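> First the structure, which I've put down as structure tokens, then a few questions once you've had a look.
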Amino acid sequence: MKLYNYVGPQEIADAVSSIAPGFAVLSPAALMQWLKDDRQHADGDGHVIATFVVDRHGTLRVADRCSEHVACAGGQPVLSAGEITFQVGRHEVQIHAVTNQSTGYCPEPASWPQVAAAIGKAGLPAPAGFHVNFLFRKCSQCHALNLIKENVFVCAMCDARLPAEWNLA
Ligand SMILES: [Zn+2]
């Protein structure tokens with residue numbers, strides 16, 4: 001399985017290096033407890049959005065949405081990362097949507113099976129796939145990190161052509 005290393009700014013990794021990793025979700029009950037303990041309040045639709053990573057052991061780890069992915073991962077490489085939306089009821093929680101939106105790790109859409117497996121390990125049903133697939137590419141000319149929109153593989157900073165293949169290793 002492909003491990004993604006942190007590719008974001010070193011200052012951020014340094015700044016969060018003493019923060020505890022994200023909460024390891026190993027059962028729906030534990031997730032409910034985390035939502036309560038971490039004072040995560042659902043919006044009007046019952047949704048809570050959180051930062052998540054799948055650690056190298058295939059465990060789903062979550063943290064407040066404002067948290068950096070590298071903090072959630074304890075500075076370690078991950079199998080995937082992004083944002084996860086929970087549908088929170090009074091007594092139960094479901095996964096509403098998941099994306100691979102993490103500029104810290106820039107995981108590929110192909111990392112979905114690892115996310116589905118981690119959600120399964122947490123005892124929850126997984127959605128069919130990422131709700132939104134983000135494509136990240138690094139510009140070979142100016143080294144800017146680009147988020148590909150509408151299949152336009154052109155650097156937003158310098159107009160250089162971006163590679164078709166993922167290149168953030
Ligand atoms: Zn560029």
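By convention here, the chains of the structure tokens are called A, B, ... in the order presented, each chain's residues are numbered starting at 1, and ligands are numbered starting at 1 in the order presented.
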Need to verify the contact set: Val48 (chain A), 12 Å, only C-alpha atoms, exclusion of same-chain residues closer than 5 positions in sequence. Can you return it as an mmCIF file with all heavy atoms, in the first residue's frame?

```
data_model
loop_
_atom_site.group_PDB
_atom_site.id
_atom_site.type_symbol
_atom_site.label_atom_id
_atom_site.label_comp_id
_atom_site.auth_asym_id
_atom_site.auth_seq_id
_atom_site.Cartn_x
_atom_site.Cartn_y
_atom_site.Cartn_z
ATOM 1 N N LEU A 31 -16.404 6.892 18.665
ATOM 2 C CA LEU A 31 -16.536 8.097 17.847
ATOM 3 C C LEU A 31 -17.565 9.048 18.459
ATOM 4 O O LEU A 31 -17.332 10.261 18.544
ATOM 5 C CB LEU A 31 -16.940 7.718 16.419
ATOM 6 C CG LEU A 31 -17.196 8.875 15.452
ATOM 7 C CD1 LEU A 31 -15.992 9.815 15.354
ATOM 8 C CD2 LEU A 31 -17.566 8.342 14.062
ATOM 9 N N MET A 32 -18.683 8.505 18.918
ATOM 10 C CA MET A 32 -19.703 9.334 19.580
ATOM 11 C C MET A 32 -19.107 10.037 20.805
ATOM 12 O O MET A 32 -19.356 11.209 21.058
ATOM 13 C CB MET A 32 -20.900 8.473 20.026
ATOM 14 C CG MET A 32 -21.829 8.044 18.916
ATOM 15 S SD MET A 32 -22.661 9.426 18.084
ATOM 16 C CE MET A 32 -24.043 9.714 19.183
ATOM 17 N N TRP A 34 -15.939 10.751 21.302
ATOM 18 C CA TRP A 34 -14.993 11.785 20.863
ATOM 19 C C TRP A 34 -15.749 13.056 20.462
ATOM 20 O O TRP A 34 -15.343 14.165 20.823
ATOM 21 C CB TRP A 34 -14.137 11.288 19.690
ATOM 22 C CG TRP A 34 -13.258 12.383 19.151
ATOM 23 C CD1 TRP A 34 -12.096 12.832 19.717
ATOM 24 C CD2 TRP A 34 -13.490 13.209 18.004
ATOM 25 N NE1 TRP A 34 -11.586 13.880 18.969
ATOM 26 C CE2 TRP A 34 -12.420 14.134 17.921
ATOM 27 C CE3 TRP A 34 -14.494 13.252 17.040
ATOM 28 C CZ2 TRP A 34 -12.332 15.095 16.903
ATOM 29 C CZ3 TRP A 34 -14.409 14.201 16.024
ATOM 30 C CH2 TRP A 34 -13.338 15.112 15.964
ATOM 31 N N LEU A 35 -16.825 12.891 19.711
ATOM 32 C CA LEU A 35 -17.604 14.050 19.270
ATOM 33 C C LEU A 35 -18.062 14.863 20.481
ATOM 34 O O LEU A 35 -18.051 16.093 20.465
ATOM 35 C CB LEU A 35 -18.821 13.593 18.459
ATOM 36 C CG LEU A 35 -18.502 13.039 17.055
ATOM 37 C CD1 LEU A 35 -19.668 12.215 16.523
ATOM 38 C CD2 LEU A 35 -18.175 14.178 16.081
ATOM 39 N N LYS A 36 -18.442 14.142 21.543
ATOM 40 C CA LYS A 36 -18.913 14.791 22.760
ATOM 41 C C LYS A 36 -17.736 15.441 23.513
ATOM 42 O O LYS A 36 -17.781 16.624 23.855
ATOM 43 C CB LYS A 36 -19.590 13.732 23.644
ATOM 44 C CG LYS A 36 -20.428 14.293 24.755
ATOM 45 C CD LYS A 36 -21.168 13.150 25.454
ATOM 46 C CE LYS A 36 -21.523 13.583 26.858
ATOM 47 N NZ LYS A 36 -21.629 12.453 27.786
ATOM 48 N N ASP A 38 -14.802 16.266 22.503
ATOM 49 C CA ASP A 38 -14.109 17.311 21.757
ATOM 50 C C ASP A 38 -15.032 18.503 21.470
ATOM 51 O O ASP A 38 -14.648 19.435 20.770
ATOM 52 C CB ASP A 38 -13.561 16.732 20.438
ATOM 53 C CG ASP A 38 -12.326 17.474 19.945
ATOM 54 O OD1 ASP A 38 -11.329 17.504 20.671
ATOM 55 O OD2 ASP A 38 -12.383 18.063 18.837
ATOM 56 N N ARG A 39 -16.240 18.435 21.985
ATOM 57 C CA ARG A 39 -17.248 19.497 21.817
ATOM 58 C C ARG A 39 -17.477 19.829 20.342
ATOM 59 O O ARG A 39 -17.497 20.993 19.943
ATOM 60 C CB ARG A 39 -16.830 20.756 22.583
ATOM 61 C CG ARG A 39 -16.683 20.487 24.069
ATOM 62 C CD ARG A 39 -16.934 21.737 24.887
ATOM 63 N NE ARG A 39 -17.127 21.378 26.292
ATOM 64 C CZ ARG A 39 -16.164 21.371 27.206
ATOM 65 N NH1 ARG A 39 -14.949 21.710 26.869
ATOM 66 N NH2 ARG A 39 -16.421 21.043 28.453
ATOM 67 N N GLN A 40 -17.642 18.769 19.555
ATOM 68 C CA GLN A 40 -17.962 18.951 18.142
ATOM 69 C C GLN A 40 -19.474 19.083 18.014
ATOM 70 O O GLN A 40 -20.210 18.146 18.301
ATOM 71 C CB GLN A 40 -17.459 17.746 17.323
ATOM 72 C CG GLN A 40 -15.953 17.605 17.318
ATOM 73 C CD GLN A 40 -15.275 18.692 16.487
ATOM 74 O OE1 GLN A 40 -15.840 19.201 15.531
ATOM 75 N NE2 GLN A 40 -14.059 19.050 16.882
ATOM 76 N N HIS A 41 -19.922 20.262 17.602
ATOM 77 C CA HIS A 41 -21.359 20.489 17.500
ATOM 78 C C HIS A 41 -21.823 20.372 16.057
ATOM 79 O O HIS A 41 -21.239 20.972 15.160
ATOM 80 C CB HIS A 41 -21.719 21.864 18.067
ATOM 81 C CG HIS A 41 -21.414 21.969 19.528
ATOM 82 N ND1 HIS A 41 -22.107 21.242 20.473
ATOM 83 C CD2 HIS A 41 -20.477 22.678 20.201
ATOM 84 C CE1 HIS A 41 -21.603 21.510 21.669
ATOM 85 N NE2 HIS A 41 -20.608 22.381 21.532
ATOM 86 N N ALA A 42 -22.888 19.600 15.867
ATOM 87 C CA ALA A 42 -23.434 19.411 14.525
ATOM 88 C C ALA A 42 -24.124 20.684 14.052
ATOM 89 O O ALA A 42 -24.673 21.445 14.856
ATOM 90 C CB ALA A 42 -24.423 18.250 14.543
ATOM 91 N N ASP A 43 -24.075 20.901 12.729
ATOM 92 C CA ASP A 43 -24.814 22.035 12.159
ATOM 93 C C ASP A 43 -26.300 21.661 12.059
ATOM 94 O O ASP A 43 -26.716 20.601 12.525
ATOM 95 C CB ASP A 43 -24.208 22.428 10.807
ATOM 96 C CG ASP A 43 -24.399 21.365 9.728
ATOM 97 O OD1 ASP A 43 -25.197 20.413 9.932
ATOM 98 O OD2 ASP A 43 -23.753 21.486 8.679
ATOM 99 N N VAL A 62 -9.138 11.065 13.647
ATOM 100 C CA VAL A 62 -9.867 12.302 13.403
ATOM 101 C C VAL A 62 -9.426 13.387 14.375
ATOM 102 O O VAL A 62 -8.950 13.113 15.480
ATOM 103 C CB VAL A 62 -11.392 12.089 13.512
ATOM 104 C CG1 VAL A 62 -11.891 11.154 12.414
ATOM 105 C CG2 VAL A 62 -11.798 11.573 14.888
ATOM 106 N N ALA A 63 -9.601 14.630 13.925
ATOM 107 C CA ALA A 63 -9.287 15.792 14.757
ATOM 108 C C ALA A 63 -10.200 16.931 14.316
ATOM 109 O O ALA A 63 -10.843 16.854 13.257
ATOM 110 C CB ALA A 63 -7.822 16.191 14.581
ATOM 111 N N ASP A 64 -10.262 17.959 15.144
ATOM 112 C CA ASP A 64 -11.062 19.129 14.804
ATOM 113 C C ASP A 64 -10.716 19.604 13.396
ATOM 114 O O ASP A 64 -9.562 19.531 12.968
ATOM 115 C CB ASP A 64 -10.784 20.239 15.827
ATOM 116 C CG ASP A 64 -11.639 21.458 15.562
ATOM 117 O OD1 ASP A 64 -12.749 21.514 16.104
ATOM 118 O OD2 ASP A 64 -11.197 22.344 14.798
ATOM 119 N N ARG A 65 -11.728 20.120 12.689
ATOM 120 C CA ARG A 65 -11.548 20.525 11.297
ATOM 121 C C ARG A 65 -10.432 21.565 11.123
ATOM 122 O O ARG A 65 -9.822 21.647 10.059
ATOM 123 C CB ARG A 65 -12.864 21.099 10.774
ATOM 124 C CG ARG A 65 -12.852 21.295 9.287
ATOM 125 C CD ARG A 65 -14.102 21.991 8.798
ATOM 126 N NE ARG A 65 -14.131 21.990 7.331
ATOM 127 C CZ ARG A 65 -15.079 22.538 6.605
ATOM 128 N NH1 ARG A 65 -16.103 23.118 7.194
ATOM 129 N NH2 ARG A 65 -15.039 22.503 5.289
ATOM 130 N N GLU A 83 -10.998 15.354 4.437
ATOM 131 C CA GLU A 83 -12.051 15.815 5.339
ATOM 132 C C GLU A 83 -13.175 14.781 5.350
ATOM 133 O O GLU A 83 -13.526 14.215 4.319
ATOM 134 C CB GLU A 83 -12.596 17.178 4.890
ATOM 135 C CG GLU A 83 -11.606 18.298 5.146
ATOM 136 C CD GLU A 83 -12.261 19.668 5.147
ATOM 137 O OE1 GLU A 83 -13.172 19.901 4.320
ATOM 138 O OE2 GLU A 83 -11.857 20.502 5.966
ATOM 139 N N ILE A 84 -13.721 14.580 6.537
ATOM 140 C CA ILE A 84 -14.795 13.603 6.707
ATOM 141 C C ILE A 84 -15.996 14.292 7.354
ATOM 142 O O ILE A 84 -15.824 15.084 8.284
ATOM 143 C CB ILE A 84 -14.290 12.393 7.544
ATOM 144 C CG1 ILE A 84 -15.296 11.255 7.547
ATOM 145 C CG2 ILE A 84 -13.905 12.785 8.968
ATOM 146 C CD1 ILE A 84 -14.697 9.916 7.991
ATOM 147 N N THR A 85 -17.162 14.049 6.798
ATOM 148 C CA THR A 85 -18.391 14.632 7.356
ATOM 149 C C THR A 85 -19.208 13.525 8.006
ATOM 150 O O THR A 85 -19.556 12.528 7.355
ATOM 151 C CB THR A 85 -19.230 15.297 6.250
ATOM 152 O OG1 THR A 85 -18.425 16.251 5.564
ATOM 153 C CG2 THR A 85 -20.444 15.999 6.847
ATOM 154 N N PHE A 86 -19.473 13.716 9.301
ATOM 155 C CA PHE A 86 -20.302 12.756 10.032
ATOM 156 C C PHE A 86 -21.741 13.255 10.061
ATOM 157 O O PHE A 86 -21.994 14.463 10.172
ATOM 158 C CB PHE A 86 -19.802 12.604 11.475
ATOM 159 C CG PHE A 86 -18.394 12.113 11.572
ATOM 160 C CD1 PHE A 86 -17.397 12.936 12.089
ATOM 161 C CD2 PHE A 86 -18.054 10.837 11.151
ATOM 162 C CE1 PHE A 86 -16.083 12.497 12.179
ATOM 163 C CE2 PHE A 86 -16.744 10.391 11.232
ATOM 164 C CZ PHE A 86 -15.762 11.220 11.758
ATOM 165 N N GLN A 87 -22.654 12.314 9.975
ATOM 166 C CA GLN A 87 -24.070 12.606 10.216
ATOM 167 C C GLN A 87 -24.337 12.125 11.637
ATOM 168 O O GLN A 87 -24.303 10.929 11.907
ATOM 169 C CB GLN A 87 -24.927 11.829 9.199
ATOM 170 C CG GLN A 87 -26.426 11.980 9.394
ATOM 171 C CD GLN A 87 -26.935 13.274 8.772
ATOM 172 O OE1 GLN A 87 -26.631 13.573 7.626
ATOM 173 N NE2 GLN A 87 -27.694 14.037 9.539
ATOM 174 N N VAL A 88 -24.557 13.093 12.531
ATOM 175 C CA VAL A 88 -24.640 12.756 13.947
ATOM 176 C C VAL A 88 -26.080 12.814 14.436
ATOM 177 O O VAL A 88 -26.743 13.860 14.347
ATOM 178 C CB VAL A 88 -23.777 13.718 14.789
ATOM 179 C CG1 VAL A 88 -23.787 13.288 16.256
ATOM 180 C CG2 VAL A 88 -22.350 13.762 14.262
ATOM 181 N N GLY A 89 -26.565 11.687 14.911
ATOM 182 C CA GLY A 89 -27.890 11.623 15.522
ATOM 183 C C GLY A 89 -27.752 11.620 17.035
ATOM 184 O O GLY A 89 -26.651 11.737 17.573
ATOM 185 N N VAL A 93 -24.046 7.573 14.839
ATOM 186 C CA VAL A 93 -23.282 8.401 13.915
ATOM 187 C C VAL A 93 -23.025 7.598 12.642
ATOM 188 O O VAL A 93 -22.801 6.389 12.692
ATOM 189 C CB VAL A 93 -21.956 8.885 14.571
ATOM 190 C CG1 VAL A 93 -21.113 7.726 15.063
ATOM 191 C CG2 VAL A 93 -21.168 9.774 13.619
ATOM 192 N N GLN A 94 -23.128 8.275 11.501
ATOM 193 C CA GLN A 94 -22.847 7.660 10.209
ATOM 194 C C GLN A 94 -21.831 8.527 9.478
ATOM 195 O O GLN A 94 -21.659 9.706 9.811
ATOM 196 C CB GLN A 94 -24.120 7.579 9.355
ATOM 197 C CG GLN A 94 -25.228 6.712 9.943
ATOM 198 C CD GLN A 94 -24.909 5.228 9.861
ATOM 199 O OE1 GLN A 94 -24.147 4.785 9.007
ATOM 200 N NE2 GLN A 94 -25.487 4.458 10.771
ATOM 201 N N ILE A 95 -21.194 7.956 8.454
ATOM 202 C CA ILE A 95 -20.313 8.745 7.594
ATOM 203 C C ILE A 95 -21.178 9.325 6.482
ATOM 204 O O ILE A 95 -21.801 8.573 5.724
ATOM 205 C CB ILE A 95 -19.199 7.885 6.962
ATOM 206 C CG1 ILE A 95 -18.502 7.016 8.008
ATOM 207 C CG2 ILE A 95 -18.226 8.781 6.189
ATOM 208 C CD1 ILE A 95 -17.616 7.723 8.960
ATOM 209 N N HIS A 96 -21.208 10.633 6.377
ATOM 210 C CA HIS A 96 -22.025 11.273 5.347
ATOM 211 C C HIS A 96 -21.226 11.474 4.061
ATOM 212 O O HIS A 96 -21.740 11.216 2.968
ATOM 213 C CB HIS A 96 -22.543 12.620 5.879
ATOM 214 C CG HIS A 96 -23.355 13.378 4.893
ATOM 215 N ND1 HIS A 96 -24.596 12.958 4.486
ATOM 216 C CD2 HIS A 96 -23.098 14.522 4.204
ATOM 217 C CE1 HIS A 96 -25.077 13.820 3.597
ATOM 218 N NE2 HIS A 96 -24.186 14.767 3.405
ATOM 219 N N ALA A 97 -19.998 11.940 4.163
ATOM 220 C CA ALA A 97 -19.179 12.199 2.977
ATOM 221 C C ALA A 97 -17.704 12.259 3.369
ATOM 222 O O ALA A 97 -17.365 12.592 4.501
ATOM 223 C CB ALA A 97 -19.583 13.516 2.322
ATOM 224 N N VAL A 98 -16.853 11.935 2.398
ATOM 225 C CA VAL A 98 -15.402 11.962 2.619
ATOM 226 C C VAL A 98 -14.744 12.563 1.377
ATOM 227 O O VAL A 98 -15.154 12.262 0.255
ATOM 228 C CB VAL A 98 -14.837 10.532 2.832
ATOM 229 C CG1 VAL A 98 -13.373 10.599 3.247
ATOM 230 C CG2 VAL A 98 -15.646 9.755 3.850
#
```
> Could you pull out the residues in region 26-164 of chain A that DSSP calls alpha helix (DSSP H) from the backbone, as a VMD selection string?
chain A and resid 28 to 37 69 to 72 112 to 121
> To check your reading of the model: which residues sit at most 8 Å from ligand 1 when counting only C-alpha atoms and all ligand atoms? Write the answer as a count of residues only.
15
> DSSP on the backbone, then: every residue of region 22-154 of chain A marked strand (DSSP E), written as a PyMOL selection string.
chain A and resi 23-25+47-55+60-64+78-88+93-99+136-138+145-147
> Would you please work out which residue, of A:His69, A:Lys149, A:His131, A:Arg137, is nearest to Ile12 (chain A) when using only C-alpha atoms?
A:His69
> Which of these, A:Pro107, A:Pro21, A:Gly58, A:Gly75, has the shortest distance to Leu147 (chain A) once you count only C-alpha atoms?
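When distances to Leu147 (chain A) are compared using only C-alpha atoms, the smallest one comes from A:Pro107.
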> Taking only C-alpha atoms into account, which of A:Ala128, A:Ala117, A:Val53, A:Leu145 comes nearest Thr103 (chain A)?
A:Leu145
> When you draw a straight line from CA of Asp55 (chain A) to CA of Glu108 (chain A), how long is it in Å?
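Result for CA of Asp55 (chain A) versus CA of Glu108 (chain A): 15.1 Å, one decimal.
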> So how many Å separate CA of Gly22 (chain A) and CA of Val115 (chain A), to one decimal?
15.2 Å
> As a list in words, please: the residues near Tyr105 (chain A) (cut-off 10 Å, only C-alpha atoms, same-chain neighbours under 3 positions excluded).
Leu3, Tyr4, Asn5, Tyr6, Val7, Gly8, Val53, His69, Val70, Pro77, Val78, Leu79, Ser80, Ala81, Gly82, Asn100, Gln101, Ser102, Glu108, Phe136, Leu168 and Ala169 of chain A
> From the options A:Thr99, A:Thr51, A:Asn146, A:Ser111, which residue's atoms come nearest to Phe130 (chain A), counting only C-alpha atoms?
A:Thr99
> Considering only C-alpha atoms, can you say which of A:Met1, A:Ala29, A:Leu60, A:Ala13 comes closest to Ala118 (chain A)?
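Under the stated criterion, the closest residue is A:Leu60.
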> Just the number, please: distance in Å from CA of Ala116 (chain A) to CA of Ser18 (chain A), one decimal.
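Pair CA of Ala116 (chain A) / CA of Ser18 (chain A) returns 29.0 Å.
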